[in-house]
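Working notes, structure below.
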Amino acid sequence: MLFLSLQGTAEWIIHNGYSLMFIAMLIEGPVITAAGAFVAALGFFNLWLVFLLSLVGSLIPDALCYAIGFWGREQFIDKYGHYFGVTKKKLRRMEGMIGKHAGKSLVAIKLIPLLATPGLIAAGATKMNLKKYAFWSIAITIPSSLFYLILGYY
């Protein structure tokens, strides 16, 4: 596979351009951001455009996960949640915790590997305030994307 090394990923990005790099960022943002920044360091791409695409490529999947939880709560969690240990009592307790500690909750959810997708769906299912969710999501994504951008550039 081409993505087994930074060199292979960078070659793929150079060959396919910004549009496919962005689509790949929707799936695996940090790795592609670092490779895109590396390609920008070589002079093929604009570093700021890579950063902007990284931000948007990280926020779109997060918003989709939140929306799935927000609108799918009644259809999925209330019907099938008990199979996964999610009861109405636990959901109410989680709503209270996320309501009081939205920032801490989202930092943990977004930065712990394998927790992002189910955690963001859970944040949506608890009906977390959309403005609060958007603020914290952006506040966490900017430094995270910047970190991978710097890592790939240098």
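Every chain in the structure tokens takes a letter, A first, then B, and so on in the order presented; its residues are numbered from 1, and the ligands are numbered from 1 following the presented order.
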
Checklist entry - Could you name the residues that touch A:Ile27 at 12 Å or less, counting only C-alpha atoms, but leaving out those on the same chain fewer than 2 positions away, as an MDAnalysis selection string? => result chainID A and resid 20:25 29:33 54 56:62 117

Checklist entry - Can you list, as an MDAnalysis selection string, every protein, DNA or RNA residue that comes within 8 Å of stretch 98-100 of chain A when you count only C-alpha atoms, leaving out same-chain residues fewer than 4 positions away? => result chainID A and resid 94 105 123 126 128

Item to check | Residue with smallest distance to A:Val86 - pool A:Arg73, A:Ala108, A:Tyr66, A:Asn16, counting only C-alpha atoms | outcome: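 For A:Val86, the nearest of the candidates is A:Arg73.
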
Checklist entry - Near A:Thr141, counting only C-alpha atoms, which residues have an atom at most 8 Å away, once you skip same-chain residues fewer than 2 positions from it, shown as a ChimeraX atom specification? => result /A:55,58-59,137-139,143-145

Among the residues of chain A, find those DSSP assigns to alpha helix (DSSP H) from the backbone and print them as a short mmCIF file (atom, residue, chain, number, x, y, z; two decimals) with N, CA and C atoms, in the first residue's frame.
```
data_model
loop_
_atom_site.label_atom_id
_atom_site.label_comp_id
_atom_site.auth_asym_id
_atom_site.auth_seq_id
_atom_site.Cartn_x
_atom_site.Cartn_y
_atom_site.Cartn_z
N LEU A 6 5.75 7.99 4.99
CA LEU A 6 5.50 9.41 4.72
C LEU A 6 5.81 9.71 3.26
N GLN A 7 6.86 9.09 2.74
CA GLN A 7 7.23 9.32 1.35
C GLN A 7 6.12 8.87 0.40
N GLY A 8 5.57 7.69 0.65
CA GLY A 8 4.49 7.19 -0.20
C GLY A 8 3.25 8.07 -0.11
N THR A 9 2.92 8.50 1.10
CA THR A 9 1.77 9.36 1.28
C THR A 9 1.99 10.71 0.60
N ALA A 10 3.21 11.25 0.75
CA ALA A 10 3.53 12.54 0.12
C ALA A 10 3.46 12.43 -1.40
N GLU A 11 3.97 11.34 -1.95
CA GLU A 11 3.89 11.15 -3.41
C GLU A 11 2.45 11.07 -3.88
N TRP A 12 1.61 10.36 -3.11
CA TRP A 12 0.20 10.24 -3.45
C TRP A 12 -0.47 11.62 -3.43
N ILE A 13 -0.15 12.42 -2.42
CA ILE A 13 -0.74 13.75 -2.30
C ILE A 13 -0.30 14.65 -3.45
N ILE A 14 0.98 14.63 -3.78
CA ILE A 14 1.48 15.44 -4.89
C ILE A 14 0.78 15.04 -6.19
N HIS A 15 0.65 13.75 -6.39
CA HIS A 15 0.05 13.24 -7.63
C HIS A 15 -1.44 13.57 -7.73
N ASN A 16 -2.15 13.53 -6.62
CA ASN A 16 -3.61 13.69 -6.65
C ASN A 16 -4.11 15.08 -6.32
N GLY A 17 -3.32 15.93 -5.72
CA GLY A 17 -3.71 17.31 -5.48
C GLY A 17 -4.54 17.55 -4.25
N TYR A 18 -4.98 18.80 -4.13
CA TYR A 18 -5.71 19.26 -2.95
C TYR A 18 -7.03 18.52 -2.73
N SER A 19 -7.78 18.29 -3.80
CA SER A 19 -9.13 17.74 -3.63
C SER A 19 -9.11 16.34 -3.02
N LEU A 20 -8.26 15.46 -3.51
CA LEU A 20 -8.20 14.12 -2.93
C LEU A 20 -7.50 14.13 -1.58
N MET A 21 -6.58 15.07 -1.39
CA MET A 21 -5.97 15.21 -0.07
C MET A 21 -7.04 15.57 0.95
N PHE A 22 -7.95 16.46 0.58
CA PHE A 22 -9.03 16.85 1.49
C PHE A 22 -9.94 15.65 1.80
N ILE A 23 -10.28 14.88 0.80
CA ILE A 23 -11.12 13.70 1.03
C ILE A 23 -10.42 12.72 1.98
N ALA A 24 -9.11 12.55 1.80
CA ALA A 24 -8.35 11.68 2.69
C ALA A 24 -8.31 12.26 4.11
N MET A 25 -8.29 13.59 4.23
CA MET A 25 -8.31 14.23 5.55
C MET A 25 -9.63 13.96 6.28
N LEU A 26 -10.71 13.78 5.54
CA LEU A 26 -11.99 13.46 6.17
C LEU A 26 -11.92 12.10 6.85
N ILE A 27 -11.09 11.22 6.33
CA ILE A 27 -10.97 9.86 6.87
C ILE A 27 -9.87 9.78 7.92
N GLY A 29 -7.33 12.50 9.22
CA GLY A 29 -6.83 13.86 9.18
C GLY A 29 -5.40 14.08 9.62
N PRO A 30 -4.99 13.60 10.80
CA PRO A 30 -3.65 13.92 11.29
C PRO A 30 -2.52 13.44 10.38
N VAL A 31 -2.62 12.20 9.89
CA VAL A 31 -1.56 11.66 9.04
C VAL A 31 -1.49 12.43 7.72
N ILE A 32 -2.62 12.69 7.13
CA ILE A 32 -2.65 13.40 5.85
C ILE A 32 -2.25 14.85 6.03
N THR A 33 -2.60 15.46 7.17
CA THR A 33 -2.17 16.82 7.45
C THR A 33 -0.64 16.89 7.52
N ALA A 34 -0.03 15.96 8.24
CA ALA A 34 1.43 15.95 8.35
C ALA A 34 2.07 15.74 6.97
N ALA A 35 1.52 14.83 6.19
CA ALA A 35 2.07 14.59 4.85
C ALA A 35 1.85 15.80 3.95
N GLY A 36 0.69 16.44 4.03
CA GLY A 36 0.43 17.63 3.24
C GLY A 36 1.36 18.77 3.62
N ALA A 37 1.65 18.91 4.90
CA ALA A 37 2.60 19.94 5.35
C ALA A 37 4.00 19.63 4.85
N PHE A 38 4.36 18.36 4.82
CA PHE A 38 5.66 17.96 4.29
C PHE A 38 5.76 18.32 2.81
N VAL A 39 4.68 18.07 2.07
CA VAL A 39 4.64 18.43 0.65
C VAL A 39 4.72 19.95 0.49
N ALA A 40 4.10 20.70 1.39
CA ALA A 40 4.19 22.16 1.36
C ALA A 40 5.62 22.62 1.64
N ALA A 41 6.30 21.92 2.55
CA ALA A 41 7.70 22.27 2.84
C ALA A 41 8.58 22.05 1.62
N LEU A 47 1.10 26.02 2.38
CA LEU A 47 0.98 25.55 3.76
C LEU A 47 -0.33 25.99 4.41
N TRP A 48 -0.75 27.22 4.18
CA TRP A 48 -1.96 27.74 4.81
C TRP A 48 -3.22 27.07 4.26
N LEU A 49 -3.18 26.71 2.99
CA LEU A 49 -4.31 25.99 2.41
C LEU A 49 -4.40 24.57 2.98
N VAL A 50 -3.25 23.95 3.18
CA VAL A 50 -3.23 22.63 3.82
C VAL A 50 -3.81 22.74 5.23
N PHE A 51 -3.45 23.79 5.97
CA PHE A 51 -3.98 23.99 7.32
C PHE A 51 -5.49 24.19 7.29
N LEU A 52 -5.98 25.02 6.38
CA LEU A 52 -7.41 25.27 6.27
C LEU A 52 -8.16 23.99 5.92
N LEU A 53 -7.65 23.23 4.97
CA LEU A 53 -8.28 21.96 4.60
C LEU A 53 -8.25 20.98 5.77
N SER A 54 -7.19 21.01 6.55
CA SER A 54 -7.09 20.15 7.72
C SER A 54 -8.17 20.49 8.75
N LEU A 55 -8.38 21.78 8.98
CA LEU A 55 -9.42 22.21 9.93
C LEU A 55 -10.80 21.75 9.46
N VAL A 56 -11.11 22.04 8.23
CA VAL A 56 -12.43 21.69 7.70
C VAL A 56 -12.58 20.17 7.63
N GLY A 57 -11.50 19.48 7.23
CA GLY A 57 -11.53 18.03 7.14
C GLY A 57 -11.67 17.35 8.48
N SER A 58 -11.33 18.02 9.54
CA SER A 58 -11.51 17.47 10.88
C SER A 58 -12.88 17.81 11.44
N LEU A 59 -13.38 18.99 11.14
CA LEU A 59 -14.66 19.43 11.70
C LEU A 59 -15.87 18.78 11.05
N ILE A 60 -15.80 18.47 9.77
CA ILE A 60 -16.95 17.88 9.08
C ILE A 60 -17.31 16.50 9.65
N PRO A 61 -16.36 15.56 9.78
CA PRO A 61 -16.74 14.26 10.37
C PRO A 61 -17.22 14.38 11.81
N ASP A 62 -16.63 15.31 12.56
CA ASP A 62 -17.07 15.52 13.95
C ASP A 62 -18.52 16.00 13.99
N ALA A 63 -18.85 16.92 13.10
CA ALA A 63 -20.23 17.42 13.04
C ALA A 63 -21.20 16.32 12.61
N LEU A 64 -20.78 15.47 11.70
CA LEU A 64 -21.64 14.36 11.27
C LEU A 64 -21.89 13.38 12.42
N CYS A 65 -20.85 13.07 13.18
CA CYS A 65 -21.02 12.18 14.34
C CYS A 65 -21.97 12.79 15.36
N TYR A 66 -21.79 14.08 15.63
CA TYR A 66 -22.69 14.78 16.56
C TYR A 66 -24.13 14.71 16.05
N ALA A 67 -24.32 14.96 14.76
CA ALA A 67 -25.67 14.95 14.18
C ALA A 67 -26.30 13.56 14.25
N ILE A 68 -25.50 12.53 14.02
CA ILE A 68 -26.01 11.16 14.13
C ILE A 68 -26.54 10.91 15.54
N GLY A 69 -25.77 11.32 16.54
CA GLY A 69 -26.22 11.14 17.91
C GLY A 69 -27.41 12.01 18.25
N PHE A 70 -27.41 13.25 17.77
CA PHE A 70 -28.48 14.19 18.08
C PHE A 70 -29.82 13.72 17.50
N TRP A 71 -29.80 13.37 16.21
CA TRP A 71 -31.05 12.99 15.56
C TRP A 71 -31.35 11.49 15.65
N GLY A 72 -30.36 10.70 15.98
CA GLY A 72 -30.58 9.26 16.03
C GLY A 72 -30.83 8.72 17.42
N ASP A 78 -32.40 4.86 22.29
CA ASP A 78 -33.52 4.51 23.14
C ASP A 78 -34.03 3.10 22.86
N LYS A 79 -33.92 2.62 21.61
CA LYS A 79 -34.38 1.28 21.27
C LYS A 79 -33.34 0.20 21.57
N TYR A 80 -32.09 0.46 21.16
CA TYR A 80 -31.06 -0.59 21.22
C TYR A 80 -29.93 -0.30 22.20
N LYS A 88 -31.37 4.65 30.07
CA LYS A 88 -31.84 6.04 30.18
C LYS A 88 -31.22 6.72 31.40
N LYS A 89 -31.03 5.95 32.48
CA LYS A 89 -30.41 6.50 33.69
C LYS A 89 -28.97 6.93 33.42
N LYS A 90 -28.21 6.09 32.73
CA LYS A 90 -26.82 6.42 32.40
C LYS A 90 -26.76 7.60 31.44
N LEU A 91 -27.70 7.65 30.53
CA LEU A 91 -27.74 8.76 29.57
C LEU A 91 -28.02 10.08 30.27
N ARG A 92 -28.94 10.08 31.24
CA ARG A 92 -29.23 11.30 32.01
C ARG A 92 -28.00 11.72 32.81
N ARG A 93 -27.29 10.75 33.40
CA ARG A 93 -26.09 11.07 34.15
C ARG A 93 -25.01 11.65 33.22
N MET A 94 -24.89 11.06 32.04
CA MET A 94 -23.92 11.56 31.07
C MET A 94 -24.31 12.97 30.60
N GLU A 95 -25.60 13.23 30.44
CA GLU A 95 -26.06 14.57 30.06
C GLU A 95 -25.64 15.60 31.09
N GLY A 96 -25.77 15.24 32.37
CA GLY A 96 -25.36 16.16 33.44
C GLY A 96 -23.87 16.41 33.43
N MET A 97 -23.09 15.35 33.23
CA MET A 97 -21.62 15.50 33.22
C MET A 97 -21.17 16.34 32.03
N ILE A 98 -21.72 16.05 30.87
CA ILE A 98 -21.34 16.80 29.67
C ILE A 98 -21.83 18.24 29.78
N GLY A 99 -22.98 18.45 30.40
CA GLY A 99 -23.48 19.81 30.59
C GLY A 99 -22.57 20.64 31.48
N LYS A 100 -22.06 20.02 32.55
CA LYS A 100 -21.19 20.74 33.48
C LYS A 100 -19.75 20.84 32.98
N ALA A 102 -18.36 20.39 29.59
CA ALA A 102 -18.36 20.22 28.14
C ALA A 102 -16.95 20.24 27.57
N GLY A 103 -16.15 21.21 27.97
CA GLY A 103 -14.79 21.34 27.44
C GLY A 103 -13.94 20.14 27.76
N LYS A 104 -13.93 19.75 29.04
CA LYS A 104 -13.13 18.59 29.46
C LYS A 104 -13.59 17.33 28.74
N SER A 105 -14.89 17.18 28.61
CA SER A 105 -15.43 15.99 27.95
C SER A 105 -14.99 15.93 26.50
N LEU A 106 -15.11 17.04 25.79
CA LEU A 106 -14.74 17.03 24.37
C LEU A 106 -13.25 16.89 24.16
N VAL A 107 -12.43 17.46 25.05
CA VAL A 107 -10.97 17.27 24.93
C VAL A 107 -10.66 15.78 25.04
N ALA A 108 -11.22 15.13 26.05
CA ALA A 108 -10.98 13.70 26.22
C ALA A 108 -11.50 12.90 25.03
N ILE A 109 -12.70 13.22 24.58
CA ILE A 109 -13.30 12.49 23.47
C ILE A 109 -12.47 12.62 22.20
N LYS A 110 -12.05 13.84 21.88
CA LYS A 110 -11.36 14.08 20.61
C LYS A 110 -9.89 13.66 20.62
N LEU A 111 -9.25 13.64 21.78
CA LEU A 111 -7.82 13.35 21.80
C LEU A 111 -7.45 11.92 22.19
N ALA A 116 -13.14 8.99 19.66
CA ALA A 116 -13.74 10.15 18.98
C ALA A 116 -15.12 9.85 18.40
N THR A 117 -15.24 8.85 17.56
CA THR A 117 -16.52 8.60 16.91
C THR A 117 -17.64 8.26 17.90
N PRO A 118 -17.45 7.25 18.75
CA PRO A 118 -18.55 6.98 19.70
C PRO A 118 -18.77 8.12 20.70
N GLY A 119 -17.71 8.80 21.07
CA GLY A 119 -17.84 9.91 22.02
C GLY A 119 -18.59 11.08 21.45
N LEU A 120 -18.33 11.41 20.19
CA LEU A 120 -19.03 12.52 19.55
C LEU A 120 -20.49 12.16 19.28
N ILE A 121 -20.75 10.91 18.96
CA ILE A 121 -22.13 10.46 18.81
C ILE A 121 -22.85 10.57 20.16
N ALA A 122 -22.15 10.18 21.23
CA ALA A 122 -22.73 10.29 22.57
C ALA A 122 -22.98 11.75 22.94
N ALA A 123 -22.06 12.64 22.57
CA ALA A 123 -22.26 14.07 22.85
C ALA A 123 -23.52 14.58 22.14
N GLY A 124 -23.73 14.13 20.92
CA GLY A 124 -24.95 14.51 20.21
C GLY A 124 -26.18 13.90 20.84
N ALA A 125 -26.06 12.65 21.29
CA ALA A 125 -27.19 11.96 21.90
C ALA A 125 -27.61 12.61 23.22
N LEU A 130 -25.47 23.13 21.01
CA LEU A 130 -24.74 23.19 19.74
C LEU A 130 -23.67 24.28 19.74
N LYS A 131 -23.97 25.44 20.32
CA LYS A 131 -22.97 26.52 20.36
C LYS A 131 -21.77 26.11 21.20
N LYS A 132 -22.03 25.48 22.33
CA LYS A 132 -20.96 25.01 23.20
C LYS A 132 -20.14 23.93 22.50
N TYR A 133 -20.83 23.01 21.82
CA TYR A 133 -20.15 21.95 21.09
C TYR A 133 -19.27 22.54 19.99
N ALA A 134 -19.81 23.47 19.21
CA ALA A 134 -19.06 24.07 18.10
C ALA A 134 -17.85 24.83 18.62
N PHE A 135 -18.02 25.61 19.70
CA PHE A 135 -16.90 26.36 20.27
C PHE A 135 -15.78 25.42 20.68
N TRP A 136 -16.11 24.40 21.46
CA TRP A 136 -15.07 23.49 21.97
C TRP A 136 -14.47 22.65 20.85
N SER A 137 -15.26 22.27 19.90
CA SER A 137 -14.74 21.49 18.79
C SER A 137 -13.71 22.29 17.99
N ILE A 138 -14.02 23.54 17.72
CA ILE A 138 -13.07 24.40 16.99
C ILE A 138 -11.84 24.70 17.85
N ALA A 139 -12.07 24.96 19.14
CA ALA A 139 -10.95 25.27 20.05
C ALA A 139 -9.99 24.08 20.20
N ILE A 140 -10.48 22.88 20.06
CA ILE A 140 -9.62 21.70 20.16
C ILE A 140 -8.98 21.38 18.81
N THR A 141 -9.71 21.58 17.73
CA THR A 141 -9.23 21.23 16.40
C THR A 141 -8.10 22.15 15.92
N ILE A 142 -8.16 23.43 16.22
CA ILE A 142 -7.12 24.35 15.74
C ILE A 142 -5.74 23.96 16.26
N PRO A 143 -5.52 23.80 17.58
CA PRO A 143 -4.18 23.42 18.01
C PRO A 143 -3.78 22.01 17.56
N SER A 144 -4.74 21.11 17.49
CA SER A 144 -4.43 19.75 17.05
C SER A 144 -3.95 19.75 15.60
N SER A 145 -4.67 20.43 14.72
CA SER A 145 -4.27 20.51 13.32
C SER A 145 -2.95 21.25 13.17
N LEU A 146 -2.78 22.30 13.96
CA LEU A 146 -1.52 23.06 13.92
C LEU A 146 -0.34 22.19 14.35
N PHE A 147 -0.54 21.35 15.35
CA PHE A 147 0.51 20.44 15.80
C PHE A 147 0.95 19.51 14.67
N TYR A 148 -0.01 18.88 13.97
CA TYR A 148 0.34 17.96 12.89
C TYR A 148 0.91 18.70 11.68
N LEU A 149 0.48 19.93 11.48
CA LEU A 149 1.03 20.74 10.40
C LEU A 149 2.51 21.05 10.66
N ILE A 150 2.82 21.47 11.88
CA ILE A 150 4.21 21.76 12.25
C ILE A 150 5.06 20.49 12.20
N LEU A 151 4.49 19.40 12.70
CA LEU A 151 5.21 18.13 12.71
C LEU A 151 5.58 17.71 11.27
N GLY A 152 4.66 17.83 10.36
CA GLY A 152 4.94 17.46 8.98
C GLY A 152 5.85 18.44 8.27
N TYR A 153 5.73 19.71 8.59
CA TYR A 153 6.54 20.73 7.91
C TYR A 153 8.01 20.64 8.30
#
```

Next on the checklist: What's the separation between atom CA of A:Leu114 and atom CA of A:Gly85, in Å to one decimal place?
Outcome noted: 18.1 Å
